[in-house]
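Engineer: My questions all concern the structure below.
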Amino acid sequence: MSHLVNDVDSAVQDSVDGLVRASGGKLARLDGYPDIKVVVRTDWTRDRVAVVSGGGAGHEPAHAGFVGQGMLTAAVCGEIFASPSVDAVLAAILAVTGEPGCLVIVKNYTGDRLNFGLAVERARALGRSVEMVVVGDDVALPGAPQPRGLAGTLFVHKSAGALAESGASLEQVHAVAARVASGVKTLGVSLTGVAIPGRPYTERVETGTAELGLGIHGEPGAQTVQLGDAATLVSSIADSVGAGVGDGPVALLLNNLGGVASLELGIVLRDLLGTALGSRAELLTGPAPLMTSLSAQGFSVSALPIDEELSGLLRAPVAPHLAWPGALPVGGLTVADLPSIETPSFTPSSDPAVRDLLTAVSQAVIDAEETLNTLDSYVGDGDTGSTFATAAHRVLAVLDDLPLAERPALFSALSGILATSMGGSSGVLGSVFFAAAGSASAEGVSVARALRAGIDAMQTYGGAAEGDRTMLDALIPAVAVLLEGGSPADAAQAAEAAAVRTASMTSARAGRSAYVPAEHLADVQDPGAAAVSVMFAAAARS
């Protein structure tokens, strides 16, 4: 699997530099590359409790993306999926810790606990007031002595960061962080493994299955489940998470592990909010990539029991708003009224000549259905004849209801018929043609000029022109003859000759034929142009 990196050995440094340069001067990194990769706030004055977290890279935007007012004061970055060194953690603590002290938030992995823990002890030995909270929110293995730290850690970041920003003491910030860490529960699922830059990738998740309860470093899931519909999978996750968070109100966090499309996450969210756990949600963060696992195609659900205090901390504004989407109230499905669309009403009127004309043209199109479909089978999807015939049948069915004696109204009525009964782009173009012709006709212009107005509208909205191998190649010459005073028979001859010429056009610049190789276009009339020829011939006979 390919990756967008320059050098695997410097990938984390390169990424951190990109983040810092994109911060508008709000972030800086400590001058310690390559061993020390620490991102800090540039506006920090050490007058409040500092909040420090971090871990291996590959989980972006966690952790460096959450450095800023109201969340983290500093983030310590390790190599991909590797804990940062003790010296790196200690450097971060010393860089941001003042008299009020520092809270260090650690995910429950052995390397992180050891390296962060030793750094905390060394900082204390240097006279700094430092407390540490370990987050183990994973519920994949009930009763596990060391549950892993997952995306629920971000609720700890947010709560502790907001309280620290308010000027609370280290004791108060530590107490809230510990409460959130002990209360939040998370379960993740993925349809793929994790592809790490510079390492060979082996897909262990079989098609049609999912790994439930995986870790964020590509660790195998607690179990492999058959992948059915999204609702069943989401319901199972919600039940497992919900079992650990009591029965009161909760805040939910829907985290994208990096590779799930927004469309799919929208479905997951809808199904999640429809579960018993979702019905208790008062706040929602996401869906968003918050603590990713590179580009794994999976997601995790975190739930935190909340009260008024925690709700306020989660909703407090933060500077890293691009990475942290906020915790928003969960409401019902709001449905706005559909605006009424007035459909023009017409008074039926009689005109035997117009009736005969529409009958002849419609019947000719119906009779040509198979021929037109055959032409379209060479250059398209083989349904041009059926598309035109469907509209023709509809016109014949409503002849008695049409305003045959009122030309503007008749054109408008035909526009509506094509819009509703004639599928594909041909139906829309035909509807545009007659709508514009009706508007022009209402201004008193001749039939030929009204038809020319329809052509202009087709070209404006459809983007095609004469010579592009479309129905316009027959329609434009035929109407041009009428504008010059020619007879319907002359117009029919012009349409037929133009339709025949399309068989010599070996390239198309519009419609489905634009994607067809030249050898398939040669000696085949454009089906749209052929349909126009059929209609003008029938009109001339009528």
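Please note that chains go A, B, ... in the order of the structure tokens, that every chain numbers its residues from 1, and that ligands are numbered from 1 in the order shown.
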Excluding same-chain residues fewer than 5 positions from segment 166-169 of chain A, what lies within 9 Å of it counting only C-alpha atoms, as a VMD selection string?
Structural biologist: chain A and resid 47 to 49 70 100 to 101 161 174
Engineer: Produce a table with one row for each residue of segment 201-276 of chain A that has an atom at most 7 Å from any atom of segment 295-315 of chain A, each row naming the nearest atom pair and its distance in Å at one decimal; use only C-alpha atoms; arrange rows by chain and rising residue number; format as JSON lines.
Structural biologist:
{"residue": "A:Val241", "atom": "CA", "partner": "A:Ala303", "partner_atom": "CA", "distance": 6.8}
{"residue": "A:Val245", "atom": "CA", "partner": "A:Pro305", "partner_atom": "CA", "distance": 5.9}
{"residue": "A:Gly248", "atom": "CA", "partner": "A:Pro305", "partner_atom": "CA", "distance": 6.7}
{"residue": "A:Pro249", "atom": "CA", "partner": "A:Pro305", "partner_atom": "CA", "distance": 6.0}
{"residue": "A:Val250", "atom": "CA", "partner": "A:Pro305", "partner_atom": "CA", "distance": 4.4}
{"residue": "A:Ala251", "atom": "CA", "partner": "A:Leu304", "partner_atom": "CA", "distance": 5.2}
{"residue": "A:Leu252", "atom": "CA", "partner": "A:Ala303", "partner_atom": "CA", "distance": 4.7}
{"residue": "A:Leu253", "atom": "CA", "partner": "A:Ser302", "partner_atom": "CA", "distance": 5.0}
{"residue": "A:Leu254", "atom": "CA", "partner": "A:Val301", "partner_atom": "CA", "distance": 4.9}
{"residue": "A:Asn255", "atom": "CA", "partner": "A:Ser300", "partner_atom": "CA", "distance": 5.2}
{"residue": "A:Asn256", "atom": "CA", "partner": "A:Phe299", "partner_atom": "CA", "distance": 4.6}
{"residue": "A:Leu257", "atom": "CA", "partner": "A:Phe299", "partner_atom": "CA", "distance": 5.0}
{"residue": "A:Gly258", "atom": "CA", "partner": "A:Ser295", "partner_atom": "CA", "distance": 4.2}
{"residue": "A:Gly259", "atom": "CA", "partner": "A:Gln297", "partner_atom": "CA", "distance": 4.2}
{"residue": "A:Val260", "atom": "CA", "partner": "A:Gln297", "partner_atom": "CA", "distance": 5.1}
Engineer: Residues of the last selection are to be written out with C-alpha atoms, as a PDB file, in the first residue's frame.
Structural biologist:
ATOM      1  CA  VAL A 241     -20.727   0.595  25.505  1.00  0.00           C
ATOM      2  CA  VAL A 245     -22.204   3.963  31.583  1.00  0.00           C
ATOM      3  CA  GLY A 248     -28.459   8.559  32.903  1.00  0.00           C
ATOM      4  CA  PRO A 249     -27.646  11.191  30.271  1.00  0.00           C
ATOM      5  CA  VAL A 250     -24.452  10.736  28.250  1.00  0.00           C
ATOM      6  CA  ALA A 251     -22.189  12.532  25.836  1.00  0.00           C
ATOM      7  CA  LEU A 252     -21.319  10.513  22.721  1.00  0.00           C
ATOM      8  CA  LEU A 253     -18.217  10.689  20.563  1.00  0.00           C
ATOM      9  CA  LEU A 254     -18.284   9.060  17.122  1.00  0.00           C
ATOM     10  CA  ASN A 255     -14.711   8.732  15.930  1.00  0.00           C
ATOM     11  CA  ASN A 256     -13.571   7.924  12.395  1.00  0.00           C
ATOM     12  CA  LEU A 257     -10.483   5.711  12.489  1.00  0.00           C
ATOM     13  CA  GLY A 258      -9.400   7.396   9.286  1.00  0.00           C
ATOM     14  CA  GLY A 259     -10.816   5.542   6.316  1.00  0.00           C
ATOM     15  CA  VAL A 260     -14.609   5.629   6.569  1.00  0.00           C
TER      16      VAL A 260
END
Engineer: Residues within 7 Å of Ala503 of chain A, please, as an MDAnalysis selection string. Count only C-alpha atoms; anything in the same chain fewer than 5 positions from it doesn't count.
Structural biologist: chainID A and resid 522:526
Engineer: Pick out the residues sitting within 10 Å of segment 408-416 of chain A, and hand them over as a PDB file with C-alpha atoms, in the first residue's frame; count only C-alpha atoms, and ignore anything fewer than 4 positions along from it in its own chain.
Structural biologist:
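Result file follows (out15.pdb):
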ATOM      1  CA  THR A 343     -48.045  23.510 -11.444  1.00  0.00           C
ATOM      2  CA  PRO A 344     -49.439  25.551 -14.326  1.00  0.00           C
ATOM      3  CA  SER A 345     -53.035  24.675 -15.039  1.00  0.00           C
ATOM      4  CA  PHE A 346     -54.389  24.717 -18.579  1.00  0.00           C
ATOM      5  CA  THR A 347     -57.824  24.916 -20.015  1.00  0.00           C
ATOM      6  CA  PRO A 348     -58.292  22.292 -22.732  1.00  0.00           C
ATOM      7  CA  SER A 349     -58.976  23.741 -26.164  1.00  0.00           C
ATOM      8  CA  VAL A 354     -52.546  20.787 -34.095  1.00  0.00           C
ATOM      9  CA  ALA A 391     -43.073  10.646 -23.807  1.00  0.00           C
ATOM     10  CA  ARG A 394     -47.991  10.236 -22.665  1.00  0.00           C
ATOM     11  CA  VAL A 395     -48.762  12.998 -25.168  1.00  0.00           C
ATOM     12  CA  ASP A 401     -56.615  17.766 -21.897  1.00  0.00           C
ATOM     13  CA  LEU A 402     -54.147  19.949 -23.796  1.00  0.00           C
ATOM     14  CA  PRO A 403     -54.668  23.610 -24.769  1.00  0.00           C
ATOM     15  CA  LEU A 404     -54.277  22.835 -28.483  1.00  0.00           C
ATOM     16  CA  THR A 420     -42.222  14.052 -15.812  1.00  0.00           C
ATOM     17  CA  SER A 421     -42.468  11.261 -18.387  1.00  0.00           C
ATOM     18  CA  MET A 422     -39.228  11.369 -20.401  1.00  0.00           C
ATOM     19  CA  GLY A 427     -36.257  14.607 -21.044  1.00  0.00           C
ATOM     20  CA  VAL A 428     -34.767  17.590 -19.243  1.00  0.00           C
ATOM     21  CA  LEU A 429     -33.455  19.098 -22.481  1.00  0.00           C
ATOM     22  CA  GLY A 430     -36.814  18.607 -24.177  1.00  0.00           C
ATOM     23  CA  SER A 431     -38.561  20.226 -21.239  1.00  0.00           C
ATOM     24  CA  VAL A 432     -36.147  23.174 -21.373  1.00  0.00           C
ATOM     25  CA  PHE A 433     -36.740  23.475 -25.124  1.00  0.00           C
ATOM     26  CA  PHE A 434     -40.523  23.721 -24.850  1.00  0.00           C
ATOM     27  CA  ALA A 435     -40.433  25.931 -21.728  1.00  0.00           C
ATOM     28  CA  ALA A 436     -38.289  28.501 -23.531  1.00  0.00           C
ATOM     29  CA  ALA A 437     -40.382  28.169 -26.682  1.00  0.00           C
ATOM     30  CA  GLY A 438     -43.507  28.815 -24.643  1.00  0.00           C
ATOM     31  CA  SER A 439     -42.030  31.956 -23.058  1.00  0.00           C
ATOM     32  CA  ALA A 440     -40.999  33.267 -26.466  1.00  0.00           C
ATOM     33  CA  SER A 441     -44.349  32.394 -27.988  1.00  0.00           C
ATOM     34  CA  ALA A 442     -46.123  34.328 -25.228  1.00  0.00           C
ATOM     35  CA  GLU A 443     -44.291  37.412 -26.481  1.00  0.00           C
ATOM     36  CA  GLY A 444     -45.951  36.985 -29.889  1.00  0.00           C
ATOM     37  CA  VAL A 447     -43.433  29.389 -34.299  1.00  0.00           C
ATOM     38  CA  ALA A 450     -40.127  30.261 -30.636  1.00  0.00           C
ATOM     39  CA  LEU A 451     -38.411  27.028 -31.630  1.00  0.00           C
TER      40      LEU A 451
END
Engineer: Could you tell me how far atom CA of Leu277 of chain A sits from atom CA of Val189 of chain A, in Å to one decimal place?
Structural biologist: 17.2 Å
Engineer: Could you pull the residues within 12 Å of Gly228 of chain A, counting only C-alpha atoms, minus those fewer than 6 positions along the same chain, as JSON, numbers by chain?
Structural biologist: {"A": [191, 207, 208, 209, 210, 234, 235, 236]}
Engineer: In Å, with one decimal, what is the gap from atom CA of Thr224 of chain A to atom CA of Arg204 of chain A?
Structural biologist: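 Calculated distance between atom CA of Thr224 of chain A and atom CA of Arg204 of chain A is 10.5 Å.
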Engineer: Using only C-alpha atoms, which protein or nucleic acid residues come within 7 Å of Gly65 of chain A? Drop anything in the same chain fewer than 4 positions from it, and give the result as JSON, numbers by chain.
Structural biologist: {"A": [60, 61, 320, 323]}
Engineer: Applying 7 Å and only C-alpha atoms, which residues near Ala539 of chain A remain after dropping the ones on its own chain fewer than 2 positions away? List them as a list in words.
Structural biologist: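 Once the adjacent positions are removed, what remains is Leu357, Ala360, Val361, Met535, Phe536, Ala537, Arg541 and Ser542 of chain A.
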Engineer: Using N, CA and C atoms, can you export the residues from the last selection as a compact mmCIF listing (two decimals), in the first residue's frame?
Structural biologist:
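Written file, again21.txt:
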# COMPACT_ATOMS: atom_id res chain seq x y z
N LEU A 357 -51.22 17.03 -35.95
CA LEU A 357 -49.77 17.16 -35.95
C LEU A 357 -49.15 16.39 -34.77
N ALA A 360 -49.53 12.61 -35.26
CA ALA A 360 -48.62 12.05 -36.26
C ALA A 360 -47.20 11.96 -35.74
N VAL A 361 -46.74 13.02 -35.10
CA VAL A 361 -45.37 13.04 -34.58
C VAL A 361 -45.20 11.99 -33.48
N MET A 535 -39.31 13.03 -36.24
CA MET A 535 -40.40 13.95 -35.85
C MET A 535 -40.68 14.99 -36.93
N PHE A 536 -39.64 15.56 -37.53
CA PHE A 536 -39.87 16.56 -38.58
C PHE A 536 -40.49 15.92 -39.81
N ALA A 537 -40.10 14.69 -40.13
CA ALA A 537 -40.70 14.00 -41.28
C ALA A 537 -42.19 13.78 -41.05
N ARG A 541 -45.45 15.41 -43.18
CA ARG A 541 -46.53 14.60 -43.75
C ARG A 541 -47.88 15.05 -43.23
N SER A 542 -47.92 15.44 -41.96
CA SER A 542 -49.18 15.88 -41.37
C SER A 542 -49.63 17.19 -41.98
Engineer: Pick the closest to Arg46 of chain A from A:Asp383, A:Ala448, A:Thr73, A:Gly193: which is it, counting only C-alpha atoms?
Structural biologist: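 Among A:Asp383, A:Ala448, A:Thr73, A:Gly193, it is A:Thr73 that comes nearest to Arg46 of chain A.
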Engineer: Counting only C-alpha atoms, figure out which residue out of A:Ile80, A:Asp87, A:Ala480, A:Thr97 gets nearest to Trp44 of chain A.
Structural biologist: A:Thr97
Engineer: I'd like to know which of A:Asp112, A:Asp239, A:Asp247, A:Glu79 is closest to Val139 of chain A, using only C-alpha atoms.
Structural biologist: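 Smallest separation from Val139 of chain A among the options: A:Asp239.
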Engineer: Taking only C-alpha atoms into account, name the residue in A:Thr110, A:Thr292, A:Gln69, A:Ser182 that is nearest to Leu150 of chain A.
Structural biologist: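 The answer is A:Thr292, which sits nearest to Leu150 of chain A.
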Engineer: Report the residues of segment 112-197 of chain A whose backbone DSSP state falls under strand (DSSP E or B), written as a PyMOL selection string.
Structural biologist: chain A and resi 130-135+138+185-190
Engineer: Mind pulling up the distance from atom CA of Val106 of chain A to atom CA of Pro317 of chain A?
Structural biologist: 23.1 Å
Engineer: I'd like to know which of A:Ala175, A:Val534, A:Pro289, A:Arg407 is closest to Ser350 of chain A, using only C-alpha atoms.
Structural biologist: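 Closest residue, counting only C-alpha atoms: A:Arg407.
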